[in-house]
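Asker: Just protein-v7.cif, nothing more (mmCIF, C-alpha atoms and all ligand atoms):
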```cif
data_target
loop_
_atom_site.label_atom_id
_atom_site.label_comp_id
_atom_site.auth_asym_id
_atom_site.auth_seq_id
_atom_site.Cartn_x
_atom_site.Cartn_y
_atom_site.Cartn_z
CA MET A 22 -17.61 -23.42 63.80
CA SER A 23 -14.54 -23.08 65.92
CA ASP A 24 -12.67 -19.82 66.11
CA GLU A 25 -9.80 -21.47 64.33
CA LEU A 26 -11.97 -22.43 61.36
CA THR A 27 -13.76 -19.09 61.31
CA ALA A 28 -10.39 -17.35 61.17
CA LEU A 29 -9.27 -19.61 58.35
CA ARG A 30 -12.50 -18.97 56.43
CA ASP A 31 -12.12 -15.18 56.84
CA GLU A 32 -8.53 -15.39 55.71
CA LEU A 33 -9.36 -17.48 52.65
CA GLU A 34 -12.35 -15.34 51.73
CA GLY A 35 -10.12 -12.29 52.06
CA ALA A 36 -7.57 -13.90 49.72
CA VAL A 37 -10.32 -14.75 47.24
CA GLN A 38 -11.53 -11.16 47.19
CA ALA A 39 -7.99 -9.89 46.84
CA ALA A 40 -7.27 -12.07 43.80
CA ASP A 41 -7.25 -9.63 40.91
CA SER A 42 -6.94 -12.11 38.05
CA LEU A 43 -8.13 -15.60 37.17
CA GLU A 44 -4.55 -16.86 37.66
CA ALA A 45 -4.25 -15.33 41.14
CA LEU A 46 -7.63 -16.81 42.02
CA GLU A 47 -6.51 -20.25 40.87
CA ASP A 48 -3.49 -19.93 43.20
CA VAL A 49 -5.81 -19.26 46.12
CA ARG A 50 -7.94 -22.28 45.17
CA VAL A 51 -4.91 -24.57 45.02
CA ARG A 52 -3.62 -23.25 48.36
CA ALA A 53 -6.99 -23.95 50.05
CA LEU A 54 -8.66 -26.83 48.22
CA GLY A 55 -5.84 -28.43 46.24
CA ARG A 56 -4.34 -31.79 47.18
CA ARG A 57 -1.99 -30.12 49.61
CA GLY A 58 -4.26 -27.22 50.41
CA SER A 59 -4.99 -25.98 53.91
CA VAL A 60 -8.67 -27.05 53.92
CA THR A 61 -7.85 -30.43 52.35
CA GLY A 62 -5.16 -30.92 55.01
CA LEU A 63 -7.67 -30.30 57.76
CA MET A 64 -10.12 -32.78 56.22
CA LYS A 65 -7.41 -35.41 56.00
CA SER A 66 -6.57 -34.90 59.68
CA LEU A 67 -10.20 -35.65 60.56
CA GLY A 68 -9.42 -39.39 60.57
CA ARG A 69 -7.17 -38.89 63.56
CA ALA A 70 -9.81 -37.06 65.63
CA ALA A 71 -11.84 -38.70 68.34
CA PRO A 72 -15.15 -40.11 66.99
CA GLU A 73 -17.38 -37.71 68.96
CA GLU A 74 -15.38 -34.72 67.74
CA ARG A 75 -15.23 -36.04 64.19
CA ARG A 76 -18.92 -35.48 63.31
CA GLU A 77 -19.10 -31.92 64.47
CA ARG A 78 -15.72 -30.95 63.01
CA GLY A 79 -16.55 -32.80 59.79
CA GLN A 80 -19.69 -30.71 59.36
CA ALA A 81 -17.82 -27.53 60.15
CA LEU A 82 -15.09 -28.38 57.68
CA ASN A 83 -17.67 -29.14 54.98
CA LEU A 84 -19.27 -25.77 55.61
CA LEU A 85 -15.86 -24.12 55.40
CA LYS A 86 -15.02 -25.93 52.18
CA GLN A 87 -18.39 -24.97 50.70
CA ALA A 88 -18.02 -21.35 51.76
CA VAL A 89 -14.56 -21.09 50.22
CA SER A 90 -15.56 -22.78 47.00
CA ASP A 91 -18.70 -20.56 46.69
CA ALA A 92 -16.54 -17.49 47.22
CA ILE A 93 -14.13 -18.70 44.53
CA ASP A 94 -16.98 -19.30 42.05
CA ALA A 95 -18.46 -15.88 42.69
CA ARG A 96 -15.08 -14.19 42.36
CA LYS A 97 -14.35 -16.16 39.18
CA ALA A 98 -17.60 -14.98 37.60
CA ALA A 99 -16.86 -11.39 38.61
CA LEU A 100 -13.31 -11.53 37.23
CA ALA A 101 -14.46 -13.11 33.95
CA GLU A 102 -17.07 -10.40 33.57
CA ALA A 103 -14.56 -7.66 34.29
CA GLU A 104 -12.13 -9.15 31.80
CA LEU A 105 -14.80 -9.25 29.10
CA GLU A 106 -15.76 -5.66 29.84
CA HIS A 107 -12.14 -4.66 29.57
CA ARG A 108 -11.71 -6.45 26.24
CA LEU A 109 -14.91 -4.99 24.85
CA ALA A 110 -13.73 -1.54 25.81
CA SER A 111 -10.14 -1.91 24.63
CA GLU A 112 -10.80 -3.78 21.39
CA ARG A 113 -13.59 -1.57 20.22
CA ILE A 114 -13.24 -0.44 16.60
CA ASP A 115 -14.40 3.06 15.89
CA VAL A 116 -16.10 2.61 12.53
CA THR A 117 -16.61 6.35 12.28
CA LEU A 118 -12.86 6.91 11.95
CA PRO A 119 -12.06 8.34 8.50
CA VAL A 120 -9.89 6.04 6.30
CA ARG A 121 -6.21 6.82 6.36
CA PRO A 122 -5.26 8.42 3.04
CA ALA A 123 -3.47 5.82 0.91
CA PRO A 124 -0.13 6.89 -0.52
CA GLU A 125 -1.12 8.45 -3.80
CA GLY A 126 0.63 7.70 -7.06
CA SER A 127 0.00 9.47 -10.33
CA LEU A 128 -0.30 8.63 -14.00
CA HIS A 129 2.67 9.44 -16.18
CA PRO A 130 1.84 11.99 -18.91
CA ILE A 131 2.55 9.27 -21.53
CA SER A 132 -0.08 6.94 -20.03
CA GLN A 133 -2.42 9.88 -19.63
CA THR A 134 -1.97 10.92 -23.26
CA ILE A 135 -2.54 7.35 -24.51
CA ASP A 136 -5.75 7.27 -22.44
CA GLU A 137 -6.93 10.54 -23.92
CA VAL A 138 -6.13 9.59 -27.52
CA THR A 139 -7.79 6.18 -27.24
CA GLN A 140 -10.82 7.71 -25.60
CA ILE A 141 -11.31 10.19 -28.43
CA PHE A 142 -10.89 7.56 -31.14
CA GLY A 143 -12.85 5.04 -29.09
CA GLU A 144 -15.85 7.30 -29.40
CA MET A 145 -15.37 7.22 -33.18
CA GLY A 146 -15.54 3.41 -33.17
CA PHE A 147 -11.83 2.56 -33.12
CA ARG A 148 -10.82 -0.41 -30.96
CA TRP A 149 -7.45 -0.94 -29.26
CA ALA A 150 -4.92 -3.22 -30.99
CA GLU A 151 -1.33 -4.18 -30.20
CA GLY A 152 1.69 -5.83 -31.79
CA PRO A 153 5.16 -6.98 -30.72
CA ASP A 154 8.04 -4.54 -30.11
CA ILE A 155 10.44 -6.95 -31.83
CA GLU A 156 9.42 -7.23 -35.45
CA ASP A 157 10.84 -8.84 -38.52
CA ASP A 158 11.92 -7.05 -41.63
CA TRP A 159 8.76 -7.99 -43.51
CA TYR A 160 6.27 -6.45 -41.06
CA ASN A 161 8.36 -3.39 -40.23
CA PHE A 162 9.42 -2.57 -43.81
CA THR A 163 8.62 -4.84 -46.75
CA ALA A 164 4.89 -5.30 -46.25
CA LEU A 165 4.65 -1.54 -45.77
CA ASN A 166 6.11 -1.00 -49.21
CA ILE A 167 9.36 0.41 -47.85
CA PRO A 168 11.97 -0.36 -50.53
CA PRO A 169 15.28 -2.06 -49.68
CA GLU A 170 17.30 1.09 -50.31
CA HIS A 171 15.09 3.26 -48.07
CA PRO A 172 17.14 5.21 -45.49
CA ALA A 173 14.87 4.02 -42.66
CA ARG A 174 16.32 0.55 -43.09
CA GLN A 175 19.84 1.73 -42.44
CA GLU A 176 21.64 0.77 -39.29
CA MET A 177 22.07 4.44 -38.53
CA ASP A 178 18.38 4.78 -37.73
CA THR A 179 17.27 1.27 -36.85
CA PHE A 180 18.15 -1.07 -33.99
CA TYR A 181 18.73 -4.53 -35.42
CA LEU A 182 19.02 -7.62 -33.27
CA ALA A 183 21.58 -10.34 -33.94
CA GLY A 184 20.79 -12.60 -36.87
CA GLU A 185 21.55 -13.22 -40.49
CA ALA A 186 21.64 -10.25 -42.83
CA GLY A 187 18.22 -9.75 -44.38
CA SER A 188 16.38 -11.70 -41.69
CA ARG A 189 17.57 -9.92 -38.57
CA PRO A 190 14.80 -9.00 -36.16
CA VAL A 191 14.36 -5.25 -35.61
CA LEU A 192 13.01 -3.16 -32.77
CA ARG A 193 10.04 -1.70 -34.59
CA THR A 194 10.75 1.80 -35.83
CA HIS A 195 7.06 2.73 -35.90
CA THR A 196 3.68 1.23 -34.95
CA SER A 197 2.77 0.80 -38.63
CA PRO A 198 3.60 -2.96 -38.71
CA VAL A 199 0.48 -3.42 -36.60
CA GLN A 200 -1.50 -2.21 -39.62
CA ILE A 201 -0.35 -5.36 -41.40
CA ARG A 202 -0.97 -7.65 -38.43
CA THR A 203 -4.47 -6.23 -37.98
CA MET A 204 -5.47 -6.67 -41.62
CA GLN A 205 -4.14 -10.23 -41.55
CA ALA A 206 -5.86 -11.13 -38.30
CA ALA A 207 -9.47 -10.50 -39.23
CA PRO A 208 -11.35 -9.46 -42.34
CA PRO A 209 -12.32 -5.78 -42.74
CA PRO A 210 -14.20 -3.55 -42.21
CA LEU A 211 -12.08 -2.49 -39.24
CA ARG A 212 -10.99 0.50 -37.21
CA VAL A 213 -8.09 0.23 -34.78
CA ILE A 214 -5.97 2.50 -32.68
CA VAL A 215 -2.51 1.14 -31.77
CA PRO A 216 -0.54 2.77 -28.97
CA GLY A 217 2.89 1.32 -28.29
CA ARG A 218 6.64 1.63 -27.92
CA THR A 219 8.86 2.33 -30.89
CA TYR A 220 12.65 2.54 -31.26
CA ARG A 221 15.05 4.63 -33.29
CA SER A 222 18.71 5.35 -32.95
CA ASP A 223 18.26 9.00 -31.96
CA HIS A 224 18.96 10.92 -28.80
CA ASP A 225 18.55 14.63 -28.10
CA ALA A 226 16.12 17.04 -26.41
CA THR A 227 13.29 16.04 -28.77
CA HIS A 228 14.31 12.44 -29.64
CA SER A 229 14.75 9.39 -27.46
CA PRO A 230 15.90 5.91 -28.60
CA MET A 231 12.64 4.55 -27.18
CA PHE A 232 9.48 6.55 -27.61
CA HIS A 233 5.78 5.96 -28.14
CA GLN A 234 3.54 6.23 -31.14
CA VAL A 235 -0.10 5.73 -31.73
CA GLU A 236 -1.16 4.30 -35.06
CA GLY A 237 -4.65 4.51 -36.50
CA LEU A 238 -6.14 2.39 -39.27
CA ALA A 239 -9.61 2.36 -40.80
CA ILE A 240 -10.40 -0.05 -43.66
CA GLY A 241 -13.73 -0.39 -45.44
CA ARG A 242 -15.29 -0.55 -48.88
CA SER A 243 -15.85 3.16 -49.30
CA ILE A 244 -13.57 4.97 -46.86
CA HIS A 245 -12.10 8.04 -48.52
CA MET A 246 -9.89 11.05 -47.82
CA GLY A 247 -12.88 12.97 -46.42
CA HIS A 248 -13.12 10.45 -43.59
CA LEU A 249 -9.41 10.82 -42.88
CA LYS A 250 -9.73 14.60 -42.69
CA GLY A 251 -12.91 14.53 -40.62
CA CYS A 252 -11.51 12.10 -38.04
CA LEU A 253 -8.19 13.89 -37.66
CA ILE A 254 -9.67 17.41 -37.45
CA GLU A 255 -12.09 16.13 -34.82
CA PHE A 256 -9.23 14.47 -32.95
CA CYS A 257 -6.96 17.55 -32.95
CA ARG A 258 -9.73 19.79 -31.65
CA ALA A 259 -10.83 17.34 -28.94
CA PHE A 260 -7.30 16.52 -27.82
CA PHE A 261 -6.05 20.09 -27.57
CA GLY A 262 -9.40 21.29 -26.28
CA VAL A 263 -9.70 24.12 -28.82
CA ALA A 264 -13.05 23.97 -30.63
CA ASP A 265 -12.00 26.07 -33.64
CA LEU A 266 -8.39 24.89 -33.82
CA PRO A 267 -7.08 25.40 -37.38
CA VAL A 268 -5.93 22.07 -38.89
CA ARG A 269 -3.95 21.89 -42.13
CA PHE A 270 -3.24 18.89 -44.39
CA ARG A 271 0.08 19.25 -46.15
CA PRO A 272 1.05 16.92 -49.02
CA SER A 273 3.84 14.57 -48.01
CA HIS A 274 5.25 11.15 -48.75
CA PHE A 275 5.20 7.80 -46.94
CA PRO A 276 5.85 4.58 -48.85
CA PHE A 277 2.77 2.95 -47.27
CA THR A 278 0.21 5.68 -48.03
CA GLU A 279 -0.91 7.32 -51.25
CA PRO A 280 -1.74 10.15 -51.17
CA SER A 281 0.04 11.10 -47.96
CA ALA A 282 -0.46 14.15 -45.80
CA GLU A 283 1.22 15.63 -42.83
CA VAL A 284 -1.12 17.30 -40.36
CA ASP A 285 -0.33 20.67 -38.83
CA ILE A 286 -2.23 22.59 -36.18
CA GLY A 287 -2.40 26.34 -35.76
CA CYS A 288 -0.31 28.08 -33.12
CA THR A 289 1.35 31.35 -32.22
CA ARG A 290 4.84 31.89 -30.92
CA GLU A 291 4.36 35.48 -29.78
CA GLY A 292 6.83 36.54 -27.12
CA GLY A 293 8.65 33.24 -27.42
CA GLN A 294 5.69 31.48 -25.84
CA LEU A 295 4.02 28.67 -27.83
CA ARG A 296 0.23 28.81 -27.78
CA ILE A 297 -1.92 26.29 -29.61
CA GLY A 298 -4.89 27.81 -31.43
CA ALA A 299 -5.48 30.33 -34.21
CA GLY A 300 -2.34 32.24 -35.10
CA GLY A 301 0.18 32.85 -37.81
CA ASP A 302 2.18 29.67 -37.29
CA TRP A 303 1.83 25.93 -37.87
CA LEU A 304 3.03 22.97 -35.89
CA GLU A 305 3.37 19.51 -37.40
CA ILE A 306 1.83 16.81 -35.25
CA LEU A 307 1.23 13.67 -37.28
CA GLY A 308 1.60 11.74 -40.53
CA SER A 309 -1.30 10.24 -42.42
CA GLY A 310 -2.58 9.06 -45.77
CA MET A 311 -4.75 6.64 -47.70
CA VAL A 312 -3.40 3.12 -47.28
CA HIS A 313 -1.32 2.21 -50.35
CA PRO A 314 -3.00 -0.45 -52.55
CA LYS A 315 0.22 -2.48 -52.42
CA VAL A 316 0.00 -2.61 -48.63
CA ILE A 317 -3.60 -3.83 -48.83
CA ALA A 318 -2.55 -6.50 -51.34
CA ASN A 319 0.42 -7.52 -49.13
CA CYS A 320 -2.12 -8.42 -46.45
CA GLY A 321 -3.99 -10.73 -48.83
CA LEU A 322 -6.86 -8.31 -49.41
CA ASP A 323 -8.16 -7.07 -52.76
CA PRO A 324 -7.31 -3.36 -53.12
CA GLU A 325 -10.16 -3.05 -55.63
CA GLU A 326 -12.56 -3.95 -52.84
CA TRP A 327 -10.91 -2.49 -49.72
CA GLN A 328 -9.45 0.90 -49.03
CA GLY A 329 -8.92 3.14 -46.04
CA PHE A 330 -6.73 5.57 -44.20
CA ALA A 331 -3.92 5.36 -41.67
CA PHE A 332 -2.13 7.81 -39.45
CA GLY A 333 0.66 7.78 -36.90
CA MET A 334 1.78 10.25 -34.28
CA GLY A 335 4.34 10.55 -31.53
CA ILE A 336 2.78 10.36 -28.07
CA GLU A 337 5.61 12.22 -26.34
CA ARG A 338 5.41 15.00 -28.89
CA ILE A 339 1.70 15.68 -28.47
CA ALA A 340 2.02 15.29 -24.68
CA MET A 341 4.86 17.86 -24.59
CA LEU A 342 2.79 20.26 -26.70
CA LYS A 343 -0.39 19.87 -24.69
CA TYR A 344 1.17 19.90 -21.23
CA GLY A 345 4.06 22.29 -21.83
CA ILE A 346 6.86 19.80 -21.12
CA PRO A 347 10.04 21.37 -22.47
CA ASP A 348 12.47 18.42 -22.57
CA LEU A 349 11.57 14.94 -23.81
CA ARG A 350 14.33 13.25 -21.81
CA THR A 351 12.76 14.23 -18.47
CA MET A 352 9.91 11.84 -19.33
CA TYR A 353 12.18 8.88 -18.52
CA ASP A 354 14.12 10.23 -15.55
CA SER A 355 11.69 8.85 -12.94
CA ASP A 356 12.23 12.02 -10.93
CA LEU A 357 9.48 12.11 -8.30
CA ARG A 358 9.37 15.91 -8.31
CA TRP A 359 8.78 15.88 -12.08
CA LEU A 360 6.21 13.09 -11.77
CA SER A 361 4.23 14.86 -9.10
CA HIS A 362 4.31 18.07 -11.14
CA TYR A 363 3.32 16.58 -14.50
CA GLY A 364 1.50 13.43 -13.29
CA PHE A 365 -2.25 12.95 -13.41
CA ARG A 366 -4.80 11.48 -11.06
CA PRO A 367 -6.51 8.36 -12.43
CA LEU A 368 -9.58 9.22 -14.51
CA ASP A 369 -8.49 12.81 -14.73
CA MET A 370 -9.33 13.85 -18.29
CA PRO A 371 -8.58 17.53 -18.59
CA GLY A 372 -10.62 19.19 -21.28
CA LEU A 373 -12.35 16.04 -22.43
CA ILE A 374 -14.72 15.02 -19.67
CA ALA A 375 -15.28 18.64 -18.71
CA GLU A 376 -16.35 19.45 -22.26
CA ALA A 377 -18.52 16.36 -22.61
CA ALA A 378 -20.30 17.30 -19.38
CA GLU A 379 -21.09 20.83 -20.56
N1 LIG A 401 4.79 5.44 -39.57
C1 LIG A 401 4.94 6.84 -39.85
C2 LIG A 401 6.10 7.39 -39.00
O1 LIG A 401 6.56 6.71 -38.12
C3 LIG A 401 3.69 7.61 -39.53
C4 LIG A 401 2.54 7.25 -40.42
C5 LIG A 401 1.67 6.25 -40.06
C6 LIG A 401 2.31 7.94 -41.62
C7 LIG A 401 0.59 5.93 -40.86
C8 LIG A 401 1.24 7.61 -42.42
C9 LIG A 401 0.40 6.62 -42.04
O2 LIG A 401 6.55 8.49 -39.22
#
```
Taking this structure as input, can you express it in the form of structure tokens?
Answerer:
Amino acid sequence: MSDELTALRDELEGAVQAADSLEALEDVRVRALGRRGSVTGLMKSLGRAAPEERRERGQALNLLKQAVSDAIDARKAALAEAELEHRLASERIDVTLPVRPAPEGSLHPISQTIDEVTQIFGEMGFRWAEGPDIEDDWYNFTALNIPPEHPARQEMDTFYLAGEAGSRPVLRTHTSPVQIRTMQAAPPPLRVIVPGRTYRSDHDATHSPMFHQVEGLAIGRSIHMGHLKGCLIEFCRAFFGVADLPVRFRPSHFPFTEPSAEVDIGCTREGGQLRIGAGGDWLEILGSGMVHPKVIANCGLDPEEWQGFAFGMGIERIAMLKYGIPDLRTMYDSDLRWLSHYGFRPLDMPGLIAEAAE
């Protein structure tokens, strides 16, 4: 090979080695072996050489071309390998990395309380039932034996929607209409627990125009007052987590139950601090009674065959008592500081799970 060609080969091989990427290498290839490349140019000029020179120079040029193209192939393989190594190293996922903590929300005390109440009654065989927030007069009042002149029907207490007098829809004032809907929906025996929103025209530190109740209803052929008392005593003790909590049944009146009883739990108010448990004082927490025979008949059932008990309580009220929340209105402020103070972690069942596990 002539000095000229040897020099060109060294130069091209040097350029190949210096190429630090596949793109740079491709540039070198085009400059040497492309249509207008230096080696290609020399091969084209071969035609003009004298015949005796042509053979020797042709061989030398072929060797040069081969040497350059081998160098390019080798460099290409090396660069591809290096690039793969780099990707493997840079894209590696460290599976041992701990998961980033997800932003944590919390359960509102109302949801938490509904969960706790339904869990306790669920264990006694009550299933969850629901009804609409917008009711008609019949379900909210008439079927429940609430007479036309009853104060609860007055506009002062009840939110009516637009409509003709006597048939205006109402925002249900209690969850009791779901008693009617449940008895109509499927034949007894039945046991349901009905958490839901209720509405009354009231607004102060212990009343909100929208609040929550939970209704309970058990209907069977031989359900009596003893069952009512047993279930509610059991509930109060489980919910407040006080095994010997005093529970008192105080005669009362509801149009849809007969007899009716209000349920009080024992407490003390020593030093201005309310404590639930044995003590000299009582705290009312719910209304209850044996379902009135007229209500059973209004649902198309025979009151001679079917009887049972019902109860209703305010969710906010029992939540405030259990968790020491002083003002009802803060429940609806959506204040994050309040929510993180009073909120619960999912599946957190203070008192209940802990006791069951003991
Ligand atoms: N509905 C009644 C109220 O809102 C509570 C209640 C329900 C009383 C069932 C007795 C039976 O005050």
Asker: Report as a PDB file with C-alpha atoms, keeping the file's coordinate frame which protein, DNA and RNA residues come within 8 Å of ligand LIG 401 (chain A), using all atoms listed in the file.
Answerer:
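File result.pdb, as written:
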```pdb
ATOM      1  CA  THR A 194      10.750   1.800 -35.830  1.00  0.00           C
ATOM      2  CA  HIS A 195       7.060   2.730 -35.900  1.00  0.00           C
ATOM      3  CA  THR A 196       3.680   1.230 -34.950  1.00  0.00           C
ATOM      4  CA  SER A 197       2.770   0.800 -38.630  1.00  0.00           C
ATOM      5  CA  GLN A 234       3.540   6.230 -31.140  1.00  0.00           C
ATOM      6  CA  GLU A 236      -1.160   4.300 -35.060  1.00  0.00           C
ATOM      7  CA  GLY A 237      -4.650   4.510 -36.500  1.00  0.00           C
ATOM      8  CA  LEU A 238      -6.140   2.390 -39.270  1.00  0.00           C
ATOM      9  CA  PHE A 275       5.200   7.800 -46.940  1.00  0.00           C
ATOM     10  CA  PHE A 277       2.770   2.950 -47.270  1.00  0.00           C
ATOM     11  CA  THR A 278       0.210   5.680 -48.030  1.00  0.00           C
ATOM     12  CA  SER A 281       0.040  11.100 -47.960  1.00  0.00           C
ATOM     13  CA  ALA A 282      -0.460  14.150 -45.800  1.00  0.00           C
ATOM     14  CA  GLU A 283       1.220  15.630 -42.830  1.00  0.00           C
ATOM     15  CA  LEU A 307       1.230  13.670 -37.280  1.00  0.00           C
ATOM     16  CA  GLY A 308       1.600  11.740 -40.530  1.00  0.00           C
ATOM     17  CA  SER A 309      -1.300  10.240 -42.420  1.00  0.00           C
ATOM     18  CA  GLY A 310      -2.580   9.060 -45.770  1.00  0.00           C
ATOM     19  CA  MET A 311      -4.750   6.640 -47.700  1.00  0.00           C
ATOM     20  CA  VAL A 312      -3.400   3.120 -47.280  1.00  0.00           C
ATOM     21  CA  PHE A 330      -6.730   5.570 -44.200  1.00  0.00           C
ATOM     22  CA  ALA A 331      -3.920   5.360 -41.670  1.00  0.00           C
ATOM     23  CA  PHE A 332      -2.130   7.810 -39.450  1.00  0.00           C
ATOM     24  CA  GLY A 333       0.660   7.780 -36.900  1.00  0.00           C
ATOM     25  CA  MET A 334       1.780  10.250 -34.280  1.00  0.00           C
ATOM     26  CA  GLY A 335       4.340  10.550 -31.530  1.00  0.00           C
TER      27      GLY A 335
END
```
Asker: So, counting all atoms listed in the file, which residue among A:Val51, A:Ile131, A:Leu63, A:Ile339 is closest to Glu25 (chain A)?
Answerer: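 Closest candidate: A:Leu63.
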Asker: Do you have the CA of Leu342 (chain A)-CA of Arg218 (chain A) distance handy?
Answerer: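 Result for CA of Leu342 (chain A) versus CA of Arg218 (chain A): 19.1 Å, one decimal.
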Asker: One decimal, in Å: what's the spacing between CA of Met246 (chain A) and CA of Pro314 (chain A)?
Answerer: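 CA of Pro314 (chain A) lies 14.2 Å from CA of Met246 (chain A).
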Asker: At most 8 Å from (11.1, 12.6, -24.3), file frame, only C-alpha atoms: which residues, as a list in words?
Answerer: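 Every polymer residue passing the test: Ala226, Thr227, His228, Ser229, Phe232, Glu337, Arg338, Asp348, Leu349, Arg350, Thr351, Met352 and Tyr353 of chain A.
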Asker: Keeping C-alpha atoms, export the residues of the selection given above as a PDB file, in the frame of the given file.
Answerer:
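Saved result, result_17.pdb, follows:
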```
ATOM      1  CA  ALA A 226      16.120  17.040 -26.410  1.00  0.00           C
ATOM      2  CA  THR A 227      13.290  16.040 -28.770  1.00  0.00           C
ATOM      3  CA  HIS A 228      14.310  12.440 -29.640  1.00  0.00           C
ATOM      4  CA  SER A 229      14.750   9.390 -27.460  1.00  0.00           C
ATOM      5  CA  PHE A 232       9.480   6.550 -27.610  1.00  0.00           C
ATOM      6  CA  GLU A 337       5.610  12.220 -26.340  1.00  0.00           C
ATOM      7  CA  ARG A 338       5.410  15.000 -28.890  1.00  0.00           C
ATOM      8  CA  ASP A 348      12.470  18.420 -22.570  1.00  0.00           C
ATOM      9  CA  LEU A 349      11.570  14.940 -23.810  1.00  0.00           C
ATOM     10  CA  ARG A 350      14.330  13.250 -21.810  1.00  0.00           C
ATOM     11  CA  THR A 351      12.760  14.230 -18.470  1.00  0.00           C
ATOM     12  CA  MET A 352       9.910  11.840 -19.330  1.00  0.00           C
ATOM     13  CA  TYR A 353      12.180   8.880 -18.520  1.00  0.00           C
TER      14      TYR A 353
END
```
Asker: Please measure the separation of CA of Thr117 (chain A) and CA of Leu105 (chain A), giving the value in Å to one decimal.
Answerer: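 Taking CA of Thr117 (chain A) as the start and CA of Leu105 (chain A) as the end point, the length is 23.0 Å.
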Asker: Tell me, as a PyMOL selection string, which residues lie within 8 Å of region 90-102 of chain A, counting all atoms listed in the file; anything in the same chain fewer than 5 positions away does not count.
Answerer: chain A and resi 34+37-38+41-43+46+50
Asker: Limited to C-alpha atoms, could you put the picked residues into a file as a tab-separated table (two decimals), in the frame of the given file?
Answerer:
```tsv
chain	number	residue	atom	x	y	z
A	34	GLU	CA	-12.35	-15.34	51.73
A	37	VAL	CA	-10.32	-14.75	47.24
A	38	GLN	CA	-11.53	-11.16	47.19
A	41	ASP	CA	-7.25	-9.63	40.91
A	42	SER	CA	-6.94	-12.11	38.05
A	43	LEU	CA	-8.13	-15.60	37.17
A	46	LEU	CA	-7.63	-16.81	42.02
A	50	ARG	CA	-7.94	-22.28	45.17
```
Asker: With a distance cut-off of 12 Å and all atoms listed in the file, select the neighbouring residues of Ser222 (chain A), excluding the residue or stretch itself and same-chain residues fewer than 4 positions from it, and output the selection as a ChimeraX atom specification.
Answerer: /A:173-181,191-194,228-232
Asker: Selected residues, C-alpha atoms, written as a short mmCIF file (atom, residue, chain, number, x, y, z; two decimals), in the frame of the given file, please.
Answerer:
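Saved to out11.cif:
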```cif
data_model
loop_
_atom_site.label_atom_id
_atom_site.label_comp_id
_atom_site.auth_asym_id
_atom_site.auth_seq_id
_atom_site.Cartn_x
_atom_site.Cartn_y
_atom_site.Cartn_z
CA ALA A 173 14.87 4.02 -42.66
CA ARG A 174 16.32 0.55 -43.09
CA GLN A 175 19.84 1.73 -42.44
CA GLU A 176 21.64 0.77 -39.29
CA MET A 177 22.07 4.44 -38.53
CA ASP A 178 18.38 4.78 -37.73
CA THR A 179 17.27 1.27 -36.85
CA PHE A 180 18.15 -1.07 -33.99
CA TYR A 181 18.73 -4.53 -35.42
CA VAL A 191 14.36 -5.25 -35.61
CA LEU A 192 13.01 -3.16 -32.77
CA ARG A 193 10.04 -1.70 -34.59
CA THR A 194 10.75 1.80 -35.83
CA HIS A 228 14.31 12.44 -29.64
CA SER A 229 14.75 9.39 -27.46
CA PRO A 230 15.90 5.91 -28.60
CA MET A 231 12.64 4.55 -27.18
CA PHE A 232 9.48 6.55 -27.61
#
```
Asker: Within 12 Å of Gly146 (chain A), counting all atoms listed in the file, which residues qualify if same-chain residues fewer than 4 places away don't, as a list in words?
Answerer: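 Contacts, with the query itself left out: Thr139, Gln140, Ile141, Phe142, Pro210, Leu211, Arg212, Val213, Ile214, Gly237, Leu238, Ala239 and Cys252 of chain A.
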Asker: Using only C-alpha atoms, can you tell me which of A:Leu29, A:Leu322, A:Leu54, A:Val268 comes closest to Ile240 (chain A)?
Answerer: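 The answer is A:Leu322, which sits nearest to Ile240 (chain A).
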